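Structure file start.txt; described as compact mmCIF, C-alpha atoms.
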```
# COMPACT_ATOMS: atom_id res chain seq x y z
CA MET A 1 -24.05 -17.58 -12.62
CA THR A 2 -22.18 -18.81 -9.54
CA LYS A 3 -22.22 -16.53 -6.54
CA VAL A 4 -19.10 -15.94 -4.50
CA ASN A 5 -18.57 -14.02 -1.27
CA ASN A 6 -20.60 -11.04 -0.07
CA GLY A 7 -23.00 -10.82 -2.99
CA GLU A 8 -20.36 -10.50 -5.72
CA TYR A 9 -20.43 -12.95 -8.61
CA GLU A 10 -18.81 -13.22 -12.01
CA TYR A 11 -20.67 -11.80 -14.99
CA GLY A 12 -21.94 -14.64 -17.14
CA GLY A 13 -23.90 -12.76 -19.78
CA LEU A 14 -23.11 -11.86 -23.38
CA CYS A 15 -19.39 -11.33 -23.91
CA VAL A 16 -18.05 -11.55 -27.48
CA ASN A 17 -14.57 -11.18 -28.93
CA GLY A 18 -14.08 -7.50 -29.71
CA PHE A 19 -12.38 -8.00 -33.07
CA LEU A 20 -15.20 -10.24 -34.26
CA MET A 21 -17.73 -7.54 -33.36
CA LEU A 22 -15.58 -4.93 -35.11
CA PHE A 23 -15.89 -6.95 -38.30
CA PHE A 24 -19.65 -7.30 -37.87
CA LEU A 25 -20.49 -3.72 -36.83
CA PHE A 26 -18.13 -1.77 -39.07
CA LEU A 27 -17.78 -4.01 -42.11
CA LEU A 28 -20.65 -6.46 -42.43
CA ALA A 29 -23.43 -4.26 -40.98
CA PRO A 30 -22.52 -1.20 -43.10
CA ALA A 31 -22.49 -3.43 -46.19
CA LEU A 32 -25.97 -4.68 -45.30
CA LEU A 33 -27.07 -1.09 -44.67
CA ALA A 34 -25.77 -0.01 -48.06
CA GLY A 35 -27.60 -2.92 -49.68
CA CYS A 36 -30.86 -1.96 -47.98
CA VAL A 37 -30.47 1.67 -49.06
CA TYR A 38 -29.85 0.51 -52.63
CA LEU A 39 -32.96 -1.71 -52.55
CA VAL A 40 -35.04 1.16 -51.15
CA ALA A 41 -33.92 3.35 -54.03
CA GLN A 42 -34.67 0.62 -56.59
CA THR A 43 -37.94 -0.81 -55.26
CA ASP A 44 -39.28 1.98 -53.10
CA ASN A 45 -40.36 -0.70 -50.61
CA PRO A 46 -40.82 0.65 -47.03
CA ALA A 47 -39.78 -2.71 -45.55
CA TRP A 48 -36.23 -2.17 -46.83
CA ALA A 49 -36.26 1.31 -45.31
CA LEU A 50 -37.32 -0.09 -41.94
CA LEU A 51 -34.60 -2.74 -42.12
CA ALA A 52 -32.02 -0.07 -43.00
CA ALA A 53 -33.11 1.98 -39.97
CA LEU A 54 -32.78 -1.06 -37.71
CA ILE A 55 -29.29 -1.84 -39.01
CA GLY A 56 -28.25 1.79 -38.47
CA LEU A 57 -29.60 1.66 -34.90
CA VAL A 58 -27.70 -1.57 -34.26
CA ILE A 59 -24.46 0.05 -35.47
CA VAL A 60 -24.92 3.17 -33.32
CA VAL A 61 -25.98 1.34 -30.15
CA GLY A 62 -23.60 -1.57 -30.62
CA ALA A 63 -20.60 0.75 -30.87
CA LYS A 64 -21.00 1.50 -27.14
CA GLY A 65 -20.41 -2.11 -26.14
CA PHE A 66 -16.66 -2.33 -26.82
CA VAL A 67 -14.49 -2.76 -23.72
CA VAL A 68 -10.72 -2.82 -23.23
CA GLN A 69 -9.73 -4.15 -19.79
CA GLU A 70 -6.25 -4.52 -18.35
CA PRO A 71 -5.09 -6.97 -15.66
CA GLY A 72 -6.05 -5.84 -12.17
CA MET A 73 -9.18 -4.02 -13.34
CA ALA A 74 -12.86 -4.97 -13.09
CA ARG A 75 -16.24 -3.65 -14.18
CA VAL A 76 -19.37 -3.82 -12.05
CA LEU A 77 -22.24 -4.31 -14.53
CA ILE A 78 -25.76 -3.01 -13.92
CA PHE A 79 -28.78 -3.63 -16.11
CA PHE A 80 -31.41 -0.96 -15.48
CA GLY A 81 -30.66 -0.86 -11.75
CA ARG A 82 -30.07 -4.59 -11.27
CA TYR A 83 -26.61 -5.92 -10.51
CA VAL A 84 -25.77 -8.63 -13.07
CA GLY A 85 -22.20 -9.46 -12.10
CA THR A 86 -18.62 -8.26 -12.09
CA CYS A 87 -16.52 -8.71 -15.22
CA ARG A 88 -12.84 -9.42 -14.55
CA ARG A 89 -12.07 -10.66 -18.05
CA VAL A 90 -8.87 -9.22 -19.51
CA GLY A 91 -8.55 -8.12 -23.12
CA TYR A 92 -10.69 -6.58 -25.87
CA PHE A 93 -14.29 -7.71 -25.95
CA TRP A 94 -17.87 -6.59 -26.51
CA ILE A 95 -20.71 -6.73 -24.01
CA ASN A 96 -24.36 -5.71 -23.99
CA PRO A 97 -24.29 -1.93 -24.71
CA LEU A 98 -27.39 -1.42 -22.53
CA LEU A 99 -25.40 -2.36 -19.42
CA THR A 100 -24.05 0.36 -17.14
CA ALA A 101 -20.43 -0.42 -16.30
CA ARG A 102 -18.62 1.03 -13.28
CA LYS A 103 -14.89 0.61 -13.63
CA LEU A 104 -12.92 -0.47 -10.57
CA SER A 105 -9.22 -0.95 -9.89
CA MET A 106 -8.53 -4.16 -7.98
CA ARG A 107 -4.82 -3.34 -7.71
CA LEU A 108 -2.86 -2.58 -4.56
CA ARG A 109 -2.99 1.04 -3.42
CA ASN A 110 -0.70 2.92 -1.08
CA MET A 111 -1.94 5.44 1.47
CA ASP A 112 0.03 7.65 3.85
CA ILE A 113 -1.97 8.48 6.98
CA GLU A 114 -0.86 11.84 8.37
CA PRO A 115 0.23 11.84 12.05
CA ILE A 116 -2.65 12.30 14.48
CA LYS A 117 -2.60 13.06 18.21
CA VAL A 118 -3.74 10.14 20.39
CA ASN A 119 -3.29 8.98 23.98
CA ASP A 120 -1.19 5.91 24.66
CA LYS A 121 -1.91 3.25 27.29
CA VAL A 122 -0.74 5.44 30.20
CA GLY A 123 -2.45 8.56 28.89
CA ASN A 124 0.52 10.36 27.35
CA PRO A 125 -0.37 12.35 24.22
CA VAL A 126 1.65 11.13 21.24
CA LEU A 127 1.74 11.87 17.51
CA ILE A 128 1.42 8.71 15.45
CA GLY A 129 1.15 8.09 11.70
CA MET A 130 1.17 5.04 9.47
CA VAL A 131 1.34 3.81 5.89
CA LEU A 132 -1.24 1.44 4.43
CA VAL A 133 -1.27 -0.97 1.51
CA TRP A 134 -4.88 -1.84 0.66
CA LYS A 135 -7.07 -3.10 -2.16
CA ILE A 136 -10.67 -3.80 -3.10
CA LYS A 137 -11.66 -7.38 -2.29
CA ASP A 138 -15.41 -7.37 -3.04
CA SER A 139 -16.54 -5.12 -5.90
CA TYR A 140 -20.23 -5.44 -4.99
CA ARG A 141 -19.75 -4.04 -1.48
CA ALA A 142 -17.29 -1.38 -2.64
CA VAL A 143 -19.84 0.03 -5.10
CA PHE A 144 -23.21 -0.54 -3.45
CA ASP A 145 -22.60 -0.64 0.33
CA ILE A 146 -21.01 2.82 0.73
CA ASP A 147 -23.35 5.80 0.97
CA SER A 148 -21.83 8.32 -1.43
CA ALA A 149 -23.86 11.19 0.04
CA SER A 150 -22.08 10.85 3.38
CA LEU A 151 -18.74 11.18 1.59
CA GLY A 152 -19.72 14.28 -0.33
CA VAL A 153 -19.92 12.78 -3.84
CA GLY A 154 -22.63 11.65 -6.23
CA ALA A 155 -23.59 8.02 -6.60
CA ALA A 156 -22.44 7.89 -10.21
CA THR A 157 -18.97 9.13 -9.34
CA ILE A 158 -18.27 7.22 -6.14
CA VAL A 159 -15.89 4.75 -7.80
CA ASN A 160 -13.52 7.28 -9.35
CA SER A 161 -13.89 10.28 -7.05
CA GLY A 162 -11.68 9.20 -4.16
CA ALA A 163 -14.66 8.27 -1.98
CA LEU A 164 -13.17 4.85 -1.28
CA GLU A 165 -9.90 6.46 -0.22
CA ARG A 166 -11.74 8.78 2.15
CA PHE A 167 -13.62 5.85 3.66
CA VAL A 168 -10.36 3.95 4.20
CA ARG A 169 -8.69 7.01 5.73
CA ILE A 170 -11.51 7.64 8.21
CA GLN A 171 -11.72 4.02 9.34
CA SER A 172 -7.94 3.73 9.56
CA ASP A 173 -7.75 6.79 11.82
CA ALA A 174 -10.29 5.22 14.16
CA ALA A 175 -8.41 1.90 14.24
CA LEU A 176 -5.10 3.67 14.83
CA ARG A 177 -6.51 5.48 17.87
CA GLU A 178 -7.79 2.19 19.27
CA VAL A 179 -4.49 0.35 18.80
CA ALA A 180 -2.45 3.21 20.28
CA GLY A 181 -4.49 2.86 23.47
CA HIS A 182 -3.28 -0.74 23.91
CA TYR A 183 0.41 0.16 24.25
CA ALA A 184 2.56 2.67 26.08
CA TYR A 185 4.88 4.86 24.04
CA ASP A 186 7.96 3.54 25.84
CA GLN A 187 8.83 1.32 28.78
CA SER A 188 8.11 3.17 32.01
CA GLY A 189 8.60 0.48 34.65
CA SER A 190 10.79 -2.45 35.54
CA ASP A 191 8.97 -4.84 33.19
CA SER A 192 11.28 -4.90 30.19
CA SER A 193 9.17 -7.54 28.43
CA GLU A 194 6.18 -5.22 27.98
CA LEU A 195 5.45 -4.38 24.34
CA THR A 196 5.46 -0.68 23.50
CA LEU A 197 4.74 1.42 20.45
CA ARG A 198 8.46 2.04 19.97
CA ASP A 199 9.56 -1.59 19.98
CA GLY A 200 6.30 -3.49 19.33
CA GLY A 201 7.25 -4.09 15.71
CA ASP A 202 5.36 -6.95 14.10
CA ALA A 203 2.98 -7.33 17.05
CA THR A 204 1.62 -3.78 16.77
CA SER A 205 1.48 -4.04 12.97
CA GLU A 206 -0.49 -7.29 13.14
CA LEU A 207 -2.99 -5.83 15.63
CA LEU A 208 -3.32 -2.70 13.51
CA GLU A 209 -4.01 -4.73 10.36
CA ASN A 210 -6.65 -6.82 12.15
CA LYS A 211 -8.45 -3.78 13.55
CA ILE A 212 -8.51 -1.98 10.20
CA ASN A 213 -9.67 -5.10 8.33
CA GLU A 214 -12.53 -5.51 10.80
CA ARG A 215 -13.72 -2.03 9.86
CA LEU A 216 -13.12 -2.27 6.11
CA ALA A 217 -14.74 -5.69 5.63
CA MET A 218 -18.17 -4.06 5.61
CA ALA A 219 -17.17 -2.12 2.48
CA GLY A 220 -15.47 -4.97 0.61
CA MET A 221 -11.90 -3.77 1.14
CA GLU A 222 -8.89 -5.23 2.93
CA VAL A 223 -5.53 -4.05 4.20
CA VAL A 224 -2.53 -6.06 3.02
CA GLU A 225 -0.02 -4.25 5.22
CA ALA A 226 -0.14 -1.52 7.85
CA ARG A 227 2.96 -0.13 9.55
CA LEU A 228 3.73 2.86 11.77
CA ASN A 229 5.94 5.39 9.98
CA TYR A 230 5.88 8.25 12.49
CA LEU A 231 5.94 8.19 16.29
CA ALA A 232 6.76 11.04 18.67
CA TYR A 233 5.57 12.64 21.87
CA ALA A 234 3.16 15.54 21.46
CA PRO A 235 4.88 18.97 21.61
CA GLU A 236 3.39 19.87 25.01
CA ILE A 237 5.19 17.01 26.79
CA ALA A 238 8.09 16.37 24.43
CA ALA A 239 10.61 18.44 26.46
CA VAL A 240 9.65 16.76 29.76
CA MET A 241 9.83 13.28 28.26
CA LEU A 242 13.20 14.10 26.70
CA ARG A 243 14.60 14.98 30.13
CA ARG A 244 13.13 11.78 31.50
CA GLN A 245 14.78 9.73 28.75
CA GLN A 246 18.07 11.51 29.39
CA ALA A 247 17.81 10.75 33.11
CA SER A 248 17.09 7.10 32.39
CA ALA A 249 20.07 6.96 30.06
CA ILE A 250 22.34 8.53 32.70
CA ILE A 251 21.14 6.06 35.36
CA SER A 252 21.74 3.11 33.03
CA ALA A 253 25.22 4.40 32.20
CA ARG A 254 26.05 4.90 35.90
CA GLU A 255 24.95 1.36 36.67
CA LYS A 256 27.34 0.03 34.04
CA ILE A 257 30.17 2.23 35.31
CA VAL A 258 29.71 1.14 38.93
CA GLU A 259 29.42 -2.50 37.92
CA GLY A 260 32.66 -2.27 35.96
CA ALA A 261 34.45 -0.33 38.73
CA VAL A 262 33.55 -2.92 41.39
CA SER A 263 34.81 -5.67 39.12
CA MET A 264 38.10 -3.82 38.52
CA VAL A 265 38.64 -3.17 42.25
CA ASP A 266 38.06 -6.84 43.02
CA ILE A 267 40.58 -7.84 40.35
CA ALA A 268 43.14 -5.32 41.69
CA LEU A 269 42.88 -6.55 45.29
CA SER A 270 43.04 -10.17 44.19
CA GLN A 271 46.16 -9.54 42.11
CA LEU A 272 47.89 -7.61 44.92
CA GLU A 273 47.25 -10.40 47.41
CA LYS A 274 48.18 -13.12 44.92
CA GLU A 275 51.48 -11.49 43.94
CA LYS A 276 52.15 -10.55 47.59
CA VAL A 277 53.08 -7.03 46.60
CA CYS A 278 52.06 -5.74 49.99
CA GLU A 279 49.78 -6.62 52.85
CA PHE A 280 46.81 -4.51 53.83
CA THR A 281 44.85 -4.24 57.00
CA ASP A 282 41.07 -4.07 56.77
CA SER A 283 41.11 -0.29 57.18
CA GLN A 284 43.74 0.07 54.45
CA LYS A 285 41.69 -2.14 52.12
CA ALA A 286 38.64 0.01 52.77
CA ALA A 287 40.62 3.17 52.01
CA LEU A 288 42.09 1.62 48.84
CA VAL A 289 38.65 0.49 47.65
CA SER A 290 37.22 3.95 48.32
CA ASN A 291 40.01 5.68 46.40
CA LEU A 292 39.79 3.28 43.45
CA LEU A 293 36.02 3.71 43.19
CA VAL A 294 36.39 7.49 43.25
CA VAL A 295 38.96 7.33 40.46
CA LEU A 296 37.02 4.85 38.33
CA CYS A 297 33.55 6.41 38.78
CA ALA A 298 34.50 10.08 38.55
CA ASP A 299 33.35 12.12 35.56
CA GLU A 300 36.72 13.85 35.30
CA PRO A 301 40.27 12.43 35.52
CA ALA A 302 41.56 12.20 39.08
CA GLN A 303 44.41 14.50 40.14
CA PRO A 304 47.24 12.48 41.74
CA VAL A 305 48.51 13.63 45.15
CA LEU A 306 52.12 12.75 45.94
CA PRO A 307 53.12 12.57 49.60
CA THR A 308 56.32 14.43 50.51
CA ALA A 309 58.54 13.93 53.52
CA ALA A 310 58.77 16.77 56.02
CA GLY A 311 62.09 18.67 55.78
```
As structure tokens, how would this structure be written, given the file I've shared?
Amino acid sequence: MTKVNNGEYEYGGLCVNGFLMLFFLFLLAPALLAGCVYLVAQTDNPAWALLAALIGLVIVVGAKGFVVQEPGMARVLIFFGRYVGTCRRVGYFWINPLLTARKLSMRLRNMDIEPIKVNDKVGNPVLIGMVLVWKIKDSYRAVFDIDSASLGVGAATIVNSGALERFVRIQSDAALREVAGHYAYDQSGSDSSELTLRDGGDATSELLENKINERLAMAGMEVVEARLNYLAYAPEIAAVMLRRQQASAIISAREKIVEGAVSMVDIALSQLEKEKVCEFTDSQKAALVSNLLVVLCADEPAQPVLPTAAG
């Protein structure tokens, strides 16, 4: 047997084609049993009776050794308390019926982590949730390195009782809290290059995957993908932060409006001077600039005022 990582190794013991054993146990062995029974009746020899009993025992015990295994599944095999390997063979076969087999799914699994309340880098409480894609990497650790009592299940049922899912959920929650503390929810200063939870994207996902894998490696599991699927301010500060975001949006919009208005005024003065429509003194230019800025930056349409000559 060749060992691989973390104590797991491939089962190298008795493993026979299942159809061949079907022929032996349910056709050949019963025929031998019938022959022994016939000889017992004819000769009354106790040796034939003993042989018939042994053949019957072989049929009964051997019938427990048949295994059907699909792709993506594995069986952790234990012989009277001793780990003897993990069988990943696919198909219909027969193994030692005295082995205890714990069936494991090595396929990808999806898990939705409900939103939890955490504090971001600047201390704001936020609600954050994620979705995980994970799988079992090391069957030995997944079966033997998790204490089933701490997860509220018996040792014999740990594989199929959801204990692994509970372990992944608990460790993922802890990793999510740690990662959330590395980033602010949103940009709060002048540094627009700072990564945040809202726009971190692949960077936050990569850090989250690394942190979760560090915690799950001890139990023989790994995360293939981890991504945030819910992010919001906690209810107690959501209204205040909404007003702050609205104020920031208004300021940004005003900056664009003023920038555009100044550009339009400059173009207007340049065109008037170039076309020599009229000449302005410095005070007239200042008044024209002021009026144009009021018109262009106002929230509502300006009301024209027409001068009239005195009668």
Could you list, as a tab-separated table (two decimals) with C-alpha atoms, in the coordinates of the input, every residue within 12 Å of Gly123 (chain A), counting only C-alpha atoms and ignoring same-chain residues fewer than 6 positions away?
```
chain	number	residue	atom	x	y	z
A	117	LYS	CA	-2.60	13.06	18.21
A	180	ALA	CA	-2.45	3.21	20.28
A	181	GLY	CA	-4.49	2.86	23.47
A	182	HIS	CA	-3.28	-0.74	23.91
A	183	TYR	CA	0.41	0.16	24.25
A	184	ALA	CA	2.56	2.67	26.08
A	185	TYR	CA	4.88	4.86	24.04
A	186	ASP	CA	7.96	3.54	25.84
A	233	TYR	CA	5.57	12.64	21.87
A	234	ALA	CA	3.16	15.54	21.46
A	237	ILE	CA	5.19	17.01	26.79
```
Residues at most 12 Å from Val224 (chain A), counting only C-alpha atoms, excluding those fewer than 2 positions away in the same chain, as a PyMOL selection string?
chain A and resi 107-111+131-137+205-206+208-210+212-213+216+221-222+226-227
CA of Ala101 (chain A) and CA of Ile55 (chain A), how far apart in Å?
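Value for the CA of Ile55 (chain A)-CA of Ala101 (chain A) distance: 24.4 Å.
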Coordinates-based distance that separates CA of Phe66 (chain A) from CA of Ile95 (chain A) (Å, one decimal)
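Going from CA of Ile95 (chain A) over to CA of Phe66 (chain A) covers 6.6 Å.
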Distance query region 23-27 of chain A at most 8 Å, only C-alpha atoms, self and fewer than 5 positions along chain excluded, as a PyMOL selection string
chain A and resi 58-59+62-63
Could the residues in this selection be saved with C-alpha atoms as a PDB file, in the coordinates of the input?
```
ATOM      1  CA  VAL A  58     -27.700  -1.570 -34.260  1.00  0.00           C
ATOM      2  CA  ILE A  59     -24.460   0.050 -35.470  1.00  0.00           C
ATOM      3  CA  GLY A  62     -23.600  -1.570 -30.620  1.00  0.00           C
ATOM      4  CA  ALA A  63     -20.600   0.750 -30.870  1.00  0.00           C
TER       5      ALA A  63
END
```
Taking into account all atoms listed in the file, which residue in the set A:Lys121, A:Leu98, A:Tyr92, A:Gly220 is nearest to Glu194 (chain A)?
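Closest to Glu194 (chain A) of all the choices is A:Lys121.
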Calculate how many Å separate CA of Ile146 (chain A) from CA of Met106 (chain A), rounding to one decimal.
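That distance, rounded to one decimal, is 16.7 Å.
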Box for region 99-112 of chain A: with edges along x, y and z, all listed atoms inside and 3 Å added on each side, what are the centre and edge lengths in Å to one decimal, as lines of an AutoDock Vina configuration file?
```
center_x = -12.7
center_y = 1.7
center_z = -7.8
size_x = 31.4
size_y = 17.8
size_z = 29.3
```
Residue with smallest distance to Arg88 (chain A) - pool A:Val61, A:Glu8, A:Ala53, A:Met130, counting all atoms listed in the file:
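Looking only at the distances to Arg88 (chain A), the closest residue turns out to be A:Glu8.
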Residues within 12 Å of Trp48 (chain A), all atoms listed in the file, excluding chain neighbours under 4 positions, as a PyMOL selection string
chain A and resi 32-44+52-55
Which one of A:Pro125, A:Gly12, A:Gly56, A:Gly162 sits closest to Leu104 (chain A) if you count only C-alpha atoms?
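Comparing A:Pro125, A:Gly12, A:Gly56, A:Gly162 against Leu104 (chain A), the winner is A:Gly162.
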